[in-house]
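Report on the following structure.
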Amino acid sequence: MTKKTINDLNINYELEGEGKTIVFVHGLSDSLAYWKVLSENLKNDYKTLIYDLRGHGESSDDDKNTTINLYQEDLYQLLKALNIENAVFVGLSLGGNIILDLAVNHPEMVNGLVVMSSFPEHDENLKKIFNDFDNAIDQGFVEFFDTILHYTLTDDMLEEHKELLENVKFEAAKTANLEGIKKGINAGYGFNLTDRLNEINVPTLVIAGEEDNLTTLDIQRKISDNIRDCELIVLEKTKHNILIGRNIEKLLNIINDFMLKIE
């Protein structure tokens with residue numbers, strides 16, 4: 001892993017491979033490790049960039065009020081520092097917000113978008129859910145993990161991987177940056193890009209979980225309906241966490257096929 005000083009922060013990243021560039025942006029409370037299963041499979045054909053958002057993983061943070069636009073500006077400056085002129089961007093949840101914001105503010109950098117489990121605006125239902133997340137993180141990472149878990153995985157997966165998830169929870173709690181997670185939650189409040197989505201004129205995929213009860217299909221259709229060159233793909237038996245075992249091969253095929261369409 002390598003670090004770059006961006007906006008007075010140390011941003012942790014991995015850049016591998018050659019060819020067209022794919023940049024992966026993770027979601028709330030995750031890290032660059034979330035994307036390993038995809039980046040490791042794609043780095044032989046493409047240049048892949050994975051990185052930790054400010055206040056996540058091994059990236060540092062500051063005392064600024066964190067917003068989606070600030071995350072986006074970090075990404076923009078990281079791309080400039082790495083001499084990446086343009087790329088295809090893949091973002092999950094919070095990461096999807098960030099790449100949509102980048103596409104609106106720096107369209108010259110964006111050749112295509114793959115937006116997973118994201119939202120274009122912070123509506124009243126999301127506000128209630130985020131309030132629950134905010135209250136949970138104040139109690140600690142274990143409480144936060146338990147609160148989000150039923151939004152991320154289907155009941156059959158929760159049961160099948162019950163012991164593993166318990167181990168993951170307590171291991172993650174040892175290093176979790178609670179303040180960074182709280183800032184990430186608060187960054188979503190007031191976010192609204194719906195009216196500017198029609199400015200995006202690059203090929204876009206919106207990938208949604210059929211059973212997502214956090215960023216519901218109706219929310220994600222607001223993205224696909226407002227971007228001209230956009231396709232909505234719905235994955236069966238999937239909630240908010242798109243990147244589950246049974247979807248990996250399908251997602252790799254979707255991304256590879258999408259990359260073939262990008263000039």
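Chain identifiers are assigned as A, B, and so on, following the order in which chains appear in the structure tokens; residues are numbered from 1 within each chain, and ligands are numbered from 1 in order of appearance.
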So that I can see what lies close to range 26-28 of chain A, please list as a PDB file with all heavy atoms, in the first residue's frame the residues with an atom at most 6 Å from it, counting only C-alpha atoms and leaving out residues fewer than 6 positions away in the same chain.
```
ATOM      1  N   LEU A  92     -19.859   2.267  -4.656  1.00  0.00           N
ATOM      2  CA  LEU A  92     -20.937   1.622  -3.904  1.00  0.00           C
ATOM      3  C   LEU A  92     -21.466   2.568  -2.830  1.00  0.00           C
ATOM      4  O   LEU A  92     -20.690   3.119  -2.050  1.00  0.00           O
ATOM      5  CB  LEU A  92     -20.438   0.344  -3.238  1.00  0.00           C
ATOM      6  CG  LEU A  92     -21.500  -0.335  -2.365  1.00  0.00           C
ATOM      7  CD1 LEU A  92     -22.242  -1.395  -3.156  1.00  0.00           C
ATOM      8  CD2 LEU A  92     -20.900  -0.963  -1.120  1.00  0.00           C
ATOM      9  N   SER A  93     -22.779   2.773  -2.802  1.00  0.00           N
ATOM     10  CA  SER A  93     -23.442   3.530  -1.747  1.00  0.00           C
ATOM     11  C   SER A  93     -22.845   4.937  -1.640  1.00  0.00           C
ATOM     12  O   SER A  93     -22.942   5.721  -2.568  1.00  0.00           O
ATOM     13  CB  SER A  93     -23.351   2.752  -0.425  1.00  0.00           C
ATOM     14  OG  SER A  93     -24.235   3.256   0.540  1.00  0.00           O
ATOM     15  N   LEU A  94     -22.185   5.271  -0.531  1.00  0.00           N
ATOM     16  CA  LEU A  94     -21.508   6.559  -0.406  1.00  0.00           C
ATOM     17  C   LEU A  94     -20.543   6.776  -1.570  1.00  0.00           C
ATOM     18  O   LEU A  94     -20.430   7.888  -2.105  1.00  0.00           O
ATOM     19  CB  LEU A  94     -20.756   6.619   0.930  1.00  0.00           C
ATOM     20  CG  LEU A  94     -19.821   7.799   1.178  1.00  0.00           C
ATOM     21  CD1 LEU A  94     -20.569   9.114   1.137  1.00  0.00           C
ATOM     22  CD2 LEU A  94     -19.099   7.632   2.516  1.00  0.00           C
ATOM     23  N   GLY A  95     -19.855   5.726  -1.976  1.00  0.00           N
ATOM     24  CA  GLY A  95     -18.951   5.820  -3.122  1.00  0.00           C
ATOM     25  C   GLY A  95     -19.671   6.189  -4.400  1.00  0.00           C
ATOM     26  O   GLY A  95     -19.129   6.889  -5.261  1.00  0.00           O
TER      27      GLY A  95
END
```
Please identify every residue of range 144-214 of chain A that has at least one atom no farther than 8 Å from an atom of range 41-57 of chain A, counting only C-alpha atoms, and for each give the shortest atom pair and the distance in Å to one decimal, arranged by chain then increasing number, as a tab-separated table.
```
residue	atom	partner	partner_atom	distance
A:Ala176	CA	A:Gly57	CA	7.8
A:Asn177	CA	A:His56	CA	6.5
A:Glu179	CA	A:Gly55	CA	7.4
A:Gly180	CA	A:Gly55	CA	4.1
A:Ile181	CA	A:Gly55	CA	7.1
```
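Each of A:Asn125, A:Gln72, A:Asn167, A:Asn241 was compared to Asp101 in chain A using only C-alpha atoms, and A:Gln72 turns out to be the nearest.
If you measure from each of A:Lys239, A:Lys250, A:Lys261, A:Lys183 to Tyr71 in chain A using only C-alpha atoms, the closest one turns out to be A:Lys183.
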Problem - Members of range 11-101 of chain A assigned helix (DSSP H, G or I) by DSSP, as a PyMOL selection string - result: chain A and resi 32-42+68-81+94-101
Keeping only C-alpha atoms, take the residues you just selected and write them out as a PDB file, in the first residue's frame.
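Done, and the output landed in again_31.pdb:
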```pdb
ATOM      1  CA  LEU A  32     -10.149  -0.286  -0.185  1.00  0.00           C
ATOM      2  CA  ALA A  33     -10.121  -3.957   0.860  1.00  0.00           C
ATOM      3  CA  TYR A  34     -13.807  -4.132  -0.082  1.00  0.00           C
ATOM      4  CA  TRP A  35     -12.875  -4.057  -3.767  1.00  0.00           C
ATOM      5  CA  LYS A  36     -10.012  -6.573  -3.695  1.00  0.00           C
ATOM      6  CA  VAL A  37     -12.100  -9.411  -5.093  1.00  0.00           C
ATOM      7  CA  LEU A  38     -12.839  -7.311  -8.191  1.00  0.00           C
ATOM      8  CA  SER A  39      -9.558  -5.403  -8.579  1.00  0.00           C
ATOM      9  CA  GLU A  40      -7.463  -8.561  -8.296  1.00  0.00           C
ATOM     10  CA  ASN A  41      -9.454 -10.099 -11.145  1.00  0.00           C
ATOM     11  CA  LEU A  42      -9.357  -6.985 -13.334  1.00  0.00           C
ATOM     12  CA  ILE A  68     -19.906  14.498  -0.426  1.00  0.00           C
ATOM     13  CA  ASN A  69     -18.238  17.343  -2.279  1.00  0.00           C
ATOM     14  CA  LEU A  70     -15.195  17.159   0.006  1.00  0.00           C
ATOM     15  CA  TYR A  71     -14.848  13.416  -0.614  1.00  0.00           C
ATOM     16  CA  GLN A  72     -15.175  14.141  -4.325  1.00  0.00           C
ATOM     17  CA  GLU A  73     -12.487  16.827  -4.165  1.00  0.00           C
ATOM     18  CA  ASP A  74     -10.141  14.365  -2.408  1.00  0.00           C
ATOM     19  CA  LEU A  75     -10.687  11.920  -5.271  1.00  0.00           C
ATOM     20  CA  TYR A  76     -10.130  14.601  -7.894  1.00  0.00           C
ATOM     21  CA  GLN A  77      -6.854  15.685  -6.294  1.00  0.00           C
ATOM     22  CA  LEU A  78      -5.722  12.052  -5.931  1.00  0.00           C
ATOM     23  CA  LEU A  79      -6.337  11.454  -9.637  1.00  0.00           C
ATOM     24  CA  LYS A  80      -4.359  14.580 -10.508  1.00  0.00           C
ATOM     25  CA  ALA A  81      -1.489  13.513  -8.249  1.00  0.00           C
ATOM     26  CA  LEU A  94     -21.508   6.559  -0.406  1.00  0.00           C
ATOM     27  CA  GLY A  95     -18.951   5.820  -3.122  1.00  0.00           C
ATOM     28  CA  GLY A  96     -21.719   6.092  -5.699  1.00  0.00           C
ATOM     29  CA  ASN A  97     -22.609   9.556  -4.393  1.00  0.00           C
ATOM     30  CA  ILE A  98     -18.976  10.574  -4.736  1.00  0.00           C
ATOM     31  CA  ILE A  99     -18.559   9.424  -8.335  1.00  0.00           C
ATOM     32  CA  LEU A 100     -21.848  11.039  -9.379  1.00  0.00           C
ATOM     33  CA  ASP A 101     -20.636  14.284  -7.826  1.00  0.00           C
TER      34      ASP A 101
END
```
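Proximity of A:Thr152, A:Thr21, A:Ser31, A:Thr66 to Glu85 in chain A, computed with only C-alpha atoms, is greatest for A:Thr21.
CA of Ala136 in chain A lies 17.8 Å from CA of Glu171 in chain A.
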Neighbours of His150 in chain A within 12 Å (only C-alpha atoms; same-chain residues fewer than 2 positions away dropped), as a PDB file with C-alpha atoms, in the first residue's frame?
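And here's result21.pdb as it stands now:
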```
ATOM      1  CA  ILE A 129     -32.335   5.478   8.633  1.00  0.00           C
ATOM      2  CA  PHE A 144     -23.409   0.273  14.444  1.00  0.00           C
ATOM      3  CA  PHE A 145     -22.513  -3.031  12.759  1.00  0.00           C
ATOM      4  CA  ASP A 146     -25.593  -4.738  14.190  1.00  0.00           C
ATOM      5  CA  THR A 147     -27.780  -1.840  13.023  1.00  0.00           C
ATOM      6  CA  ILE A 148     -26.593  -1.822   9.401  1.00  0.00           C
ATOM      7  CA  THR A 152     -26.788  -5.103   3.821  1.00  0.00           C
ATOM      8  CA  LEU A 153     -27.415  -8.857   3.675  1.00  0.00           C
ATOM      9  CA  THR A 154     -30.433 -11.070   3.057  1.00  0.00           C
ATOM     10  CA  ASP A 155     -31.769 -13.257   5.876  1.00  0.00           C
ATOM     11  CA  ASP A 156     -30.395 -16.467   4.357  1.00  0.00           C
ATOM     12  CA  MET A 157     -26.894 -14.991   4.200  1.00  0.00           C
ATOM     13  CA  LEU A 158     -27.138 -13.684   7.761  1.00  0.00           C
ATOM     14  CA  GLU A 159     -27.985 -17.175   8.947  1.00  0.00           C
ATOM     15  CA  LEU A 165     -20.058 -12.115  10.725  1.00  0.00           C
ATOM     16  CA  GLU A 211     -34.330  -6.500  -1.889  1.00  0.00           C
ATOM     17  CA  ASP A 212     -32.417  -3.341  -0.935  1.00  0.00           C
ATOM     18  CA  ASN A 213     -34.408  -1.658   1.838  1.00  0.00           C
ATOM     19  CA  LEU A 214     -31.861   1.128   2.367  1.00  0.00           C
ATOM     20  CA  THR A 238     -29.511  -9.102  -2.975  1.00  0.00           C
ATOM     21  CA  LYS A 239     -29.843  -6.251  -0.486  1.00  0.00           C
ATOM     22  CA  HIS A 240     -27.599  -3.190  -0.156  1.00  0.00           C
ATOM     23  CA  ASN A 241     -24.305  -5.072  -0.283  1.00  0.00           C
TER      24      ASN A 241
END
```
Exercise for the section: Would you list the contacts of Tyr189 in chain A as a ChimeraX atom specification, taking every protein, DNA or RNA residue within 10 Å and counting only C-alpha atoms, but skipping same-chain residues closer than 3 positions in sequence? Expected result: /A:67-68,121-123,126-127,130-131,184-186,192
Exercise for the section: Return as a PyMOL selection string the full set of residues in range 4-236 of chain A whose backbone-based DSSP assignment is strand (DSSP E or B). Expected result: chain A and resi 4-6+9-16+21-25+47-51+87-92+110-116+121+192+204-209+230-235
Practice task
Would you please work out which residue, of A:Ile254, A:Ala187, A:Leu243, A:Val115, is nearest to Ser224 in chain A when using only C-alpha atoms?
Solution key: A:Val115
Completion exercise
If you count only C-alpha atoms, the residue of A:Leu178, A:Leu82, A:Val104, A:Ile223 closest to Ser29 in chain A turns out to be A:Leu178
Practice task
Could you give me, as an NGL selection string, the residues within 10 Å of Pro107 in chain A, counting only C-alpha atoms and dropping anything in the same chain fewer than 3 positions from it?
Solution key: :A and (86 or 100-104 or 110-112 or 199-202)
Handout entry: Nearby residues (only C-alpha atoms) at most 8 Å from Leu9 in chain A, same-chain spacing under 6 positions excluded, as a list of chain:residue names
Key = A:Arg54, A:Ser59, A:Ser60, A:Asp61, A:Asp62
Problem - Coordinates-based distance that separates CA of Val88 in chain A from CA of Lys182 in chain A (Å, one decimal) - result: 28.3 Å
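The closest residue to Leu197 in chain A, picked from A:Pro120, A:Asn135, A:Asn253, A:Phe170 and counting only C-alpha atoms, is A:Pro120.
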